[in-house]
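Q: Contents of start_19.txt (compact mmCIF, C-alpha atoms):
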# COMPACT_ATOMS: atom_id res chain seq x y z
CA MET Z 1 52.28 -10.68 56.60
CA GLY Z 2 50.80 -13.69 58.40
CA ILE Z 3 47.53 -15.42 57.48
CA LEU Z 4 45.66 -13.82 60.40
CA GLU Z 5 46.67 -10.31 59.26
CA LYS Z 6 45.63 -11.12 55.67
CA ILE Z 7 42.24 -12.38 56.91
CA ALA Z 8 41.74 -9.24 59.03
CA GLU Z 9 42.68 -7.00 56.07
CA ILE Z 10 40.21 -8.75 53.71
CA GLU Z 11 37.43 -8.53 56.34
CA ARG Z 12 38.10 -4.77 56.69
CA GLU Z 13 38.03 -4.38 52.90
CA ILE Z 14 34.67 -6.25 52.69
CA SER Z 15 33.12 -4.07 55.43
CA ARG Z 16 34.37 -0.90 53.67
CA THR Z 17 33.04 -1.88 50.24
CA GLN Z 18 29.51 -0.82 49.34
CA LYS Z 19 27.29 -3.64 48.10
CA ASN Z 20 25.95 -2.79 44.65
CA LYS Z 21 26.00 -4.09 41.06
CA ALA Z 22 29.38 -2.51 40.30
CA THR Z 23 31.23 -4.08 43.25
CA GLU Z 24 29.76 -7.62 43.22
CA TYR Z 25 32.74 -9.09 41.28
CA HIS Z 26 35.22 -7.43 43.64
CA LEU Z 27 33.30 -8.72 46.70
CA GLY Z 28 33.04 -12.24 45.22
CA LEU Z 29 36.81 -12.30 44.69
CA LEU Z 30 37.47 -11.08 48.25
CA LYS Z 31 35.15 -13.76 49.69
CA ALA Z 32 36.95 -16.46 47.69
CA LYS Z 33 40.34 -15.25 49.03
CA LEU Z 34 38.94 -15.15 52.57
CA ALA Z 35 37.66 -18.75 52.34
CA LYS Z 36 41.07 -19.83 50.96
CA TYR Z 37 43.04 -18.24 53.82
CA ARG Z 38 40.66 -19.66 56.43
CA ALA Z 39 41.15 -23.14 54.97
CA GLN Z 40 44.94 -22.66 55.26
CA LEU Z 41 44.50 -21.60 58.88
CA LEU Z 42 42.66 -24.84 59.73
CA GLU Z 43 45.31 -27.07 58.14
CA PRO Z 44 47.89 -28.37 60.61
CA SER Z 45 51.30 -26.76 60.20
CA LYS Z 46 53.89 -28.70 58.18
CA SER Z 47 56.62 -28.22 60.82
CA ALA Z 48 56.90 -31.35 62.95
CA GLY Z 49 56.11 -29.89 66.37
CA ALA Z 50 54.88 -31.81 69.39
CA LYS Z 51 51.32 -33.03 68.92
CA GLY Z 52 48.74 -31.29 71.10
CA GLU Z 53 46.29 -33.38 73.04
CA GLY Z 54 42.86 -33.49 71.37
CA PHE Z 55 39.41 -34.35 72.74
CA ASP Z 56 39.14 -37.77 71.12
CA VAL Z 57 35.91 -39.26 72.46
CA MET Z 58 34.70 -42.53 71.00
CA LYS Z 59 31.32 -42.25 69.29
CA SER Z 60 28.74 -44.36 71.11
CA GLY Z 61 24.97 -44.64 71.30
CA ASP Z 62 22.46 -43.88 68.56
CA ALA Z 63 23.32 -40.19 68.06
CA ARG Z 64 25.83 -37.57 69.18
CA VAL Z 65 24.99 -34.09 70.47
CA ALA Z 66 27.63 -31.41 71.18
CA LEU Z 67 27.12 -28.68 73.80
CA ILE Z 68 28.73 -25.44 72.65
CA GLY Z 69 28.71 -22.11 74.43
CA PHE Z 70 30.69 -19.41 76.18
CA PRO Z 71 32.17 -20.16 79.62
CA SER Z 72 29.73 -20.13 82.58
CA VAL Z 73 26.43 -20.46 80.67
CA GLY Z 74 25.40 -23.72 82.36
CA LYS Z 75 26.70 -26.48 80.05
CA SER Z 76 28.10 -28.67 82.85
CA THR Z 77 24.97 -28.18 85.01
CA PHE Z 78 22.84 -29.20 82.01
CA LEU Z 79 24.96 -32.36 81.45
CA SER Z 80 24.69 -33.33 85.15
CA LEU Z 81 20.88 -32.83 85.08
CA MET Z 82 20.26 -34.76 81.85
CA THR Z 83 22.67 -37.66 82.31
CA SER Z 84 24.04 -39.73 85.16
CA THR Z 85 27.50 -38.22 84.55
CA GLU Z 86 28.71 -35.59 87.00
CA SER Z 87 30.53 -32.68 85.32
CA GLU Z 88 32.22 -30.20 87.65
CA ALA Z 89 30.28 -26.93 87.79
CA ALA Z 90 31.42 -23.79 89.60
CA SER Z 91 30.81 -20.03 89.52
CA TYR Z 92 34.10 -19.27 87.73
CA GLU Z 93 34.88 -19.51 84.01
CA PHE Z 94 36.64 -22.50 82.36
CA THR Z 95 35.62 -25.02 85.03
CA THR Z 96 35.51 -27.68 82.27
CA LEU Z 97 38.91 -28.05 80.56
CA THR Z 98 38.37 -31.22 78.52
CA CYS Z 99 35.50 -33.01 76.76
CA ILE Z 100 33.17 -34.85 79.16
CA PRO Z 101 30.75 -37.38 77.58
CA GLY Z 102 27.40 -38.36 79.09
CA VAL Z 103 24.44 -40.45 77.86
CA ILE Z 104 20.77 -39.32 77.74
CA GLU Z 105 18.34 -42.24 77.77
CA TYR Z 106 15.14 -41.16 76.02
CA LYS Z 107 12.42 -43.22 74.29
CA GLY Z 108 14.72 -46.26 74.30
CA ALA Z 109 17.56 -44.41 72.55
CA ASN Z 110 21.01 -43.69 73.97
CA ILE Z 111 22.01 -40.16 72.94
CA GLN Z 112 25.64 -39.23 73.60
CA LEU Z 113 25.94 -35.70 75.00
CA LEU Z 114 29.37 -34.01 74.93
CA ASP Z 115 30.12 -31.22 77.39
CA LEU Z 116 32.83 -29.17 75.65
CA PRO Z 117 34.99 -26.44 77.22
CA GLY Z 118 33.69 -22.86 76.80
CA ILE Z 119 34.44 -21.11 73.52
CA ILE Z 120 35.87 -17.59 73.57
CA GLU Z 121 36.06 -15.00 70.79
CA GLY Z 122 38.83 -15.96 68.36
CA ALA Z 123 38.34 -19.71 68.94
CA ALA Z 124 38.55 -20.39 65.19
CA GLN Z 125 42.15 -19.10 65.26
CA GLY Z 126 42.95 -21.53 68.10
CA LYS Z 127 42.40 -19.34 71.20
CA GLY Z 128 41.45 -21.22 74.37
CA ARG Z 129 41.70 -24.68 72.71
CA GLY Z 130 38.97 -23.46 70.35
CA ARG Z 131 40.10 -25.62 67.42
CA GLN Z 132 39.77 -28.89 69.34
CA VAL Z 133 36.32 -27.85 70.60
CA ILE Z 134 35.14 -27.01 67.08
CA ALA Z 135 36.70 -30.20 65.62
CA VAL Z 136 34.59 -32.31 68.03
CA ALA Z 137 31.48 -30.26 67.18
CA ARG Z 138 31.94 -31.14 63.47
CA THR Z 139 31.48 -34.85 64.29
CA ALA Z 140 28.15 -34.33 66.11
CA ASP Z 141 24.68 -34.93 64.63
CA VAL Z 142 23.15 -31.87 66.34
CA VAL Z 143 24.72 -28.87 68.06
CA ILE Z 144 23.08 -27.46 71.19
CA MET Z 145 24.20 -23.85 71.52
CA MET Z 146 23.89 -22.88 75.20
CA LEU Z 147 23.32 -19.15 75.60
CA ASP Z 148 22.95 -16.93 78.64
CA ALA Z 149 19.47 -15.34 78.44
CA THR Z 150 20.69 -12.37 80.53
CA LYS Z 151 23.31 -11.40 77.89
CA GLY Z 152 20.94 -10.69 74.96
CA ASP Z 153 21.90 -11.70 71.40
CA VAL Z 154 25.64 -10.91 71.61
CA GLN Z 155 26.70 -14.49 72.42
CA ARG Z 156 24.62 -16.04 69.65
CA GLU Z 157 26.08 -13.74 66.95
CA LEU Z 158 29.68 -14.29 68.11
CA LEU Z 159 29.31 -18.10 68.26
CA GLU Z 160 27.63 -18.25 64.83
CA LYS Z 161 30.48 -16.19 63.38
CA GLU Z 162 33.12 -18.49 64.94
CA LEU Z 163 31.42 -21.67 63.65
CA GLU Z 164 30.78 -20.08 60.23
CA SER Z 165 34.48 -19.28 59.80
CA VAL Z 166 35.50 -22.94 60.28
CA GLY Z 167 32.97 -24.30 57.81
CA ILE Z 168 30.06 -25.33 60.09
CA ARG Z 169 26.75 -24.18 58.59
CA LEU Z 170 23.92 -24.19 61.12
CA ASN Z 171 20.29 -24.94 60.15
CA ARG Z 172 21.08 -24.68 56.44
CA CYS Z 173 20.79 -27.18 53.60
CA LYS Z 174 23.56 -28.02 51.19
CA PRO Z 175 23.36 -25.69 48.13
CA ASN Z 176 21.79 -27.42 45.13
CA ILE Z 177 24.75 -26.75 42.79
CA TYR Z 178 26.36 -29.39 40.58
CA PHE Z 179 30.11 -28.80 40.35
CA LYS Z 180 32.67 -31.09 38.70
CA PRO Z 181 36.27 -30.13 37.78
CA LYS Z 182 37.41 -31.50 34.38
CA LYS Z 183 40.71 -32.14 32.58
CA GLY Z 184 39.97 -29.75 29.71
CA GLY Z 185 37.26 -28.01 27.71
CA GLY Z 186 37.01 -24.74 29.64
CA LEU Z 187 34.07 -23.70 31.81
CA SER Z 188 30.62 -25.14 31.12
CA TYR Z 189 28.12 -22.90 32.97
CA ASN Z 190 24.38 -23.40 33.17
CA SER Z 191 21.41 -22.71 35.46
CA THR Z 192 17.86 -24.07 35.68
CA VAL Z 193 16.54 -20.97 37.54
CA PRO Z 194 17.07 -17.21 37.04
CA LEU Z 195 20.10 -16.12 39.13
CA THR Z 196 20.09 -12.80 41.00
CA HIS Z 197 23.33 -13.16 43.01
CA CYS Z 198 25.77 -14.94 40.64
CA SER Z 199 26.71 -14.52 36.99
CA GLU Z 200 29.00 -16.47 34.64
CA LYS Z 201 31.77 -13.87 34.97
CA LEU Z 202 31.65 -14.00 38.78
CA VAL Z 203 31.70 -17.83 38.79
CA GLN Z 204 34.71 -17.74 36.45
CA LEU Z 205 36.55 -15.23 38.69
CA ILE Z 206 35.95 -17.33 41.82
CA LEU Z 207 37.11 -20.52 40.06
CA HIS Z 208 40.26 -18.75 38.80
CA GLU Z 209 41.07 -17.77 42.39
CA TYR Z 210 41.12 -21.53 43.17
CA LYS Z 211 43.22 -22.22 40.03
CA ILE Z 212 40.31 -24.12 38.42
CA PHE Z 213 39.98 -23.34 34.68
CA ASN Z 214 38.03 -26.38 33.40
CA ALA Z 215 34.82 -27.32 35.18
CA GLU Z 216 31.14 -28.06 34.81
CA VAL Z 217 28.81 -25.85 36.89
CA LEU Z 218 25.02 -26.16 37.09
CA PHE Z 219 22.95 -23.98 39.43
CA ARG Z 220 19.65 -25.64 40.40
CA GLU Z 221 18.72 -22.82 42.82
CA ASP Z 222 19.37 -19.10 43.21
CA SER Z 223 22.56 -19.31 45.31
CA THR Z 224 24.90 -16.63 46.64
CA PRO Z 225 28.67 -16.45 45.90
CA ASP Z 226 29.32 -17.68 49.49
CA GLU Z 227 27.28 -20.86 48.86
CA PHE Z 228 29.12 -21.45 45.57
CA ILE Z 229 32.48 -21.12 47.38
CA ASP Z 230 31.25 -23.69 49.96
CA VAL Z 231 30.54 -26.14 47.10
CA ILE Z 232 34.05 -25.63 45.61
CA VAL Z 233 35.83 -26.08 48.95
CA GLY Z 234 33.69 -29.16 49.69
CA ASN Z 235 34.56 -29.68 53.39
CA ARG Z 236 31.60 -27.80 54.84
CA VAL Z 237 29.40 -29.46 57.46
CA TYR Z 238 25.66 -28.73 57.40
CA MET Z 239 24.04 -29.54 60.74
CA PRO Z 240 20.91 -28.70 62.71
CA CYS Z 241 21.39 -26.44 65.73
CA LEU Z 242 19.14 -25.84 68.73
CA TYR Z 243 19.60 -22.49 70.48
CA VAL Z 244 19.02 -23.06 74.21
CA TYR Z 245 18.63 -19.96 76.38
CA ASN Z 246 19.52 -20.82 79.99
CA LYS Z 247 18.93 -18.76 83.17
CA VAL Z 248 15.46 -17.53 82.08
CA ASP Z 249 14.50 -17.26 85.77
CA GLN Z 250 16.65 -14.09 85.91
CA ILE Z 251 14.86 -12.10 83.16
CA SER Z 252 11.39 -10.62 82.62
CA ILE Z 253 8.50 -12.75 81.28
CA GLU Z 254 8.27 -10.48 78.15
CA GLU Z 255 11.92 -11.23 77.32
CA VAL Z 256 11.33 -14.98 77.88
CA ASP Z 257 8.36 -14.81 75.48
CA ARG Z 258 10.44 -12.99 72.85
CA LEU Z 259 13.30 -15.54 73.03
CA ALA Z 260 10.94 -18.55 73.01
CA ARG Z 261 9.26 -17.35 69.79
CA ARG Z 262 12.54 -17.18 67.86
CA PRO Z 263 13.11 -19.98 65.33
CA ASN Z 264 15.04 -23.07 66.54
CA SER Z 265 15.06 -21.70 70.11
CA VAL Z 266 14.15 -23.21 73.49
CA VAL Z 267 14.16 -21.40 76.85
CA ILE Z 268 15.19 -23.36 79.98
CA SER Z 269 16.47 -22.88 83.50
CA CYS Z 270 18.92 -25.51 84.79
CA GLY Z 271 18.91 -23.94 88.28
CA MET Z 272 15.13 -24.29 88.67
CA LYS Z 273 14.76 -27.30 86.28
CA LEU Z 274 12.27 -25.52 84.00
CA ASN Z 275 11.23 -26.73 80.49
CA LEU Z 276 13.83 -29.53 80.27
CA ASP Z 277 11.23 -32.09 79.09
CA TYR Z 278 10.27 -29.86 76.13
CA LEU Z 279 13.96 -29.50 75.23
CA LEU Z 280 14.28 -33.31 75.07
CA GLU Z 281 11.24 -33.50 72.75
CA GLN Z 282 12.77 -30.87 70.44
CA LEU Z 283 16.13 -32.66 70.48
CA TRP Z 284 14.43 -35.92 69.43
CA GLU Z 285 12.81 -34.06 66.48
CA TYR Z 286 16.12 -32.48 65.40
CA LEU Z 287 17.96 -35.82 65.58
CA ALA Z 288 15.25 -37.34 63.31
CA LEU Z 289 15.27 -40.68 65.17
CA ILE Z 290 12.51 -43.30 65.05
CA CYS Z 291 11.79 -46.41 67.19
CA ILE Z 292 10.97 -49.67 65.44
CA TYR Z 293 9.74 -52.71 67.39
CA THR Z 294 10.34 -56.30 66.29
CA LYS Z 295 7.92 -59.24 66.52
CA LYS Z 296 8.36 -63.01 66.30
CA ARG Z 297 5.70 -65.13 64.59
CA GLY Z 298 2.85 -66.01 66.98
CA GLU Z 299 4.22 -63.82 69.79
CA ARG Z 300 3.51 -60.32 71.08
CA PRO Z 301 5.80 -57.47 69.88
CA ASP Z 302 8.89 -56.72 71.99
CA PHE Z 303 8.13 -53.17 73.18
CA GLY Z 304 10.96 -53.25 75.73
CA ASP Z 305 13.90 -53.13 73.31
CA PRO Z 306 13.28 -50.95 70.21
CA ILE Z 307 15.61 -50.62 67.22
CA ILE Z 308 16.61 -46.95 66.83
CA MET Z 309 16.92 -45.80 63.21
CA ARG Z 310 17.05 -42.50 61.33
CA ARG Z 311 13.92 -41.06 59.73
CA GLY Z 312 13.59 -42.36 56.15
CA ALA Z 313 15.05 -45.81 56.96
CA SER Z 314 13.76 -48.72 54.86
CA VAL Z 315 13.07 -52.37 55.74
CA GLU Z 316 16.52 -53.20 54.28
CA HIS Z 317 18.21 -50.85 56.80
CA VAL Z 318 16.32 -52.61 59.63
CA CYS Z 319 17.51 -56.02 58.32
CA HIS Z 320 21.14 -54.82 58.29
CA ARG Z 321 20.78 -53.49 61.84
CA ILE Z 322 19.45 -56.87 63.11
CA HIS Z 323 22.05 -58.99 61.26
CA ARG Z 324 24.15 -58.42 58.14
CA THR Z 325 23.08 -61.71 56.49
CA LEU Z 326 19.34 -61.15 57.04
CA ALA Z 327 18.78 -59.02 53.91
CA SER Z 328 20.10 -61.80 51.62
CA GLN Z 329 17.71 -64.36 53.22
CA PHE Z 330 14.76 -61.92 53.24
CA LYS Z 331 11.46 -63.16 51.73
CA TYR Z 332 8.95 -60.51 52.91
CA ALA Z 333 8.04 -58.54 56.04
CA LEU Z 334 4.76 -57.84 57.82
CA VAL Z 335 4.46 -54.29 59.15
CA TRP Z 336 1.93 -52.81 61.60
CA GLY Z 337 1.84 -49.03 62.08
CA THR Z 338 1.42 -45.63 60.43
CA SER Z 339 3.62 -46.40 57.39
CA THR Z 340 1.11 -48.97 56.07
CA LYS Z 341 -2.30 -48.67 54.35
CA TYR Z 342 -3.69 -51.51 56.50
CA SER Z 343 -2.27 -53.61 59.33
CA PRO Z 344 -0.50 -55.93 58.89
CA GLN Z 345 0.76 -55.11 55.39
CA ARG Z 346 3.10 -57.40 53.49
CA VAL Z 347 6.05 -55.29 52.25
CA GLY Z 348 9.40 -55.61 50.49
CA LEU Z 349 12.90 -54.30 51.25
CA THR Z 350 12.22 -50.78 49.90
CA HIS Z 351 9.29 -49.98 52.22
CA ILE Z 352 10.00 -46.84 54.33
CA MET Z 353 9.43 -47.31 58.06
CA GLU Z 354 7.90 -44.75 60.43
CA HIS Z 355 8.09 -44.06 64.19
CA GLU Z 356 6.78 -46.88 66.43
CA ASP Z 357 6.11 -49.33 63.57
CA VAL Z 358 6.14 -53.07 64.39
CA ILE Z 359 7.93 -55.41 61.96
CA GLN Z 360 7.94 -59.19 61.54
CA ILE Z 361 10.53 -60.47 59.04
CA VAL Z 362 9.93 -63.75 57.18
CA LYS Z 363 13.01 -65.50 55.77
CA LYS Z 364 13.25 -67.70 52.66
Let's see the structure in the file written out as structure tokens.

A:
Amino acid sequence: MGILEKIAEIEREISRTQKNKATEYHLGLLKAKLAKYRAQLLEPSKSAGAKGEGFDVMKSGDARVALIGFPSVGKSTFLSLMTSTESEAASYEFTTLTCIPGVIEYKGANIQLLDLPGIIEGAAQGKGRGRQVIAVARTADVVIMMLDATKGDVQRELLEKELESVGIRLNRCKPNIYFKPKKGGGLSYNSTVPLTHCSEKLVQLILHEYKIFNAEVLFREDSTPDEFIDVIVGNRVYMPCLYVYNKVDQISIEEVDRLARRPNSVVISCGMKLNLDYLLEQLWEYLALICIYTKKRGERPDFGDPIIMRRGASVEHVCHRIHRTLASQFKYALVWGTSTKYSPQRVGLTHIMEHEDVIQIVKK
């Protein structure tokens, strides 16, 4: 029996099993086996076959955004509208066969946008070059999931399931679980909150499935067995996702209103160029980028060429971005903007910068 058949059999068993107190250990064990087989499926085969051509695109700009969606939902049209790159768009499926990069210039930042080939059902198992598409999506900072507004919620559920099965967790935080395998001493299990989904016996069963008998486990939040398995496997990617419903000019205004009110969702129309500016604003928020302007002593700030950093960046990060030796020669900095109590404020290396702050660095 191949891995795919084993996965299908376990999924059937999970759907057949009733979820109650008596079956939670059995379900936990099945989920651990399922995660194990899926990990094997993603590993390249040991047999030395000819290497397939991947979508290796060099990372450039300040952030990377991947466009994922079924064929013919408007990904290439969106790329051509937002960037100066022309991606072939036609009324038949699989017009795009490789990864086409483009650059969005917004608020002084260069955001790399990747137009990936359409995903079909079964992409996680490698159908329709699905593995290469998903491998590129793992390297992005934000995923834009392009959906056809005329198709309802079917596409969204299928795509989420495909990405979930290869270890991409959308709009979720990393579980707050401390896990450390040890050489000996058995299982040390503890929790700082009351647990409703996991118990010590279930944790032990899941660890045994992975041949781990000595470990330290501390739950800092009420997590599910699936989240605990993610922590053990350790190669999961947690990334923000923006659900973009295209072709809203073809549906009723009530349906547009319903889709627009869903969390993490934006409605657009590439054909009629509707709501694209709002989508860019949302994308900027999801990427968590900030602009920082520099200033020389006795001169006006340089508002033409901002430094693009991630939200939560300190003065030290700004120094490293300007020049790697600047932090060692740093004496103090003067900052104007919303991150200070008064302007200008004299700050040290640990001061956290905010959007559109102005900084003047004084060296020793």

Q: Find the distance between atom CA of Z:Asn171 and atom CA of Z:Met239 and write it in Å to one decimal.

A: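 If I compute the distance from atom CA of Z:Asn171 to atom CA of Z:Met239, I get 6.0 Å.
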
Q: Find the residue from Z:Pro225, Z:Gly2, Z:Gly108, Z:Gly152 that sits nearest to Z:Arg258; use all atoms listed in the file when measuring.

A: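 Counting all atoms listed in the file, the residue closest to Z:Arg258 is Z:Gly152.
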
Q: Using all atoms listed in the file, which of Z:Gln282, Z:Gln360, Z:Ser188, Z:Thr224 sits nearest Z:Gln204?

A: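 Closest candidate: Z:Ser188.
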
Q: Any idea what the distance is between atom CA of Z:Thr340 and atom CA of Z:Thr294?

A: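 Going from atom CA of Z:Thr340 over to atom CA of Z:Thr294, I get 15.6 Å.
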
Q: Just the residues within 12 Å of Z:Arg321, please, counting all atoms listed in the file, with nothing from its chain fewer than 2 positions along; format it as a ChimeraX atom specification.

A: /Z:62,292,294,306-310,313-319,323-327

Q: Please compute the atom CA of Z:Phe78-atom CA of Z:Leu170 distance, one decimal, in Å.

A: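 According to the coordinates, atom CA of Z:Phe78 and atom CA of Z:Leu170 are separated by 21.5 Å.
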
Q: Select all residues near (0.3, -50.5, 61.7) (cut-off 12 Å, inclusive, file coordinates), counting only C-alpha atoms, and output them as a PyMOL selection string.

A: chain Z and resi 292-293+334-346+353-360

Q: What's the 7 Å shell around stretch 211-216 of chain Z, counting only C-alpha atoms, without same-chain residues fewer than 5 positions away, as a PyMOL selection string?

A: chain Z and resi 179-189

Q: Find the residues around Z:Lys296 up to 10 Å (all atoms listed in the file counted), leave out those fewer than 2 positions away in its own chain, and share them as a PDB file with C-alpha atoms, in the frame of the given file.

A:
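selection-v4.pdb written:
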ATOM      1  CA  THR Z 294      10.340 -56.300  66.290  1.00  0.00           C
ATOM      2  CA  GLY Z 298       2.850 -66.010  66.980  1.00  0.00           C
ATOM      3  CA  GLU Z 299       4.220 -63.820  69.790  1.00  0.00           C
ATOM      4  CA  ARG Z 300       3.510 -60.320  71.080  1.00  0.00           C
ATOM      5  CA  PRO Z 301       5.800 -57.470  69.880  1.00  0.00           C
ATOM      6  CA  ASP Z 302       8.890 -56.720  71.990  1.00  0.00           C
ATOM      7  CA  ILE Z 359       7.930 -55.410  61.960  1.00  0.00           C
ATOM      8  CA  GLN Z 360       7.940 -59.190  61.540  1.00  0.00           C
ATOM      9  CA  ILE Z 361      10.530 -60.470  59.040  1.00  0.00           C
ATOM     10  CA  VAL Z 362       9.930 -63.750  57.180  1.00  0.00           C
TER      11      VAL Z 362
END

Q: Rank nothing, just name the residue among Z:Val256, Z:Ile14, Z:Leu289, Z:Val133 nearest to Z:Ile111, using only C-alpha atoms.

A: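 With only C-alpha atoms as the atom set, the closest residue is Z:Leu289.
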
Q: Given the choices Z:Ala109, Z:Ile168, Z:Pro175, Z:Phe219, which gets closest to Z:Thr192 if the distance is worked out from only C-alpha atoms?

A: Z:Phe219

Q: Counting all atoms listed in the file, what is within 9 Å of Z:Lys33, bar same-chain residues fewer than 6 positions away, as a PyMOL selection string?

A: chain Z and resi 7+10+206+209-210

Q: Would you mind telling me which residue in Z:Val237, Z:Ile144, Z:Leu283, Z:Ile68 lies nearest to Z:Pro117 when using only C-alpha atoms?

A: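 The closest residue to Z:Pro117 is Z:Ile68.
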
Q: My list of candidates is Z:Ser328, Z:Tyr178, Z:Gln250, Z:Cys270. Which is closest to Z:Ser80 when distances are computed with only C-alpha atoms?

A: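 The closest residue to Z:Ser80 is Z:Cys270.
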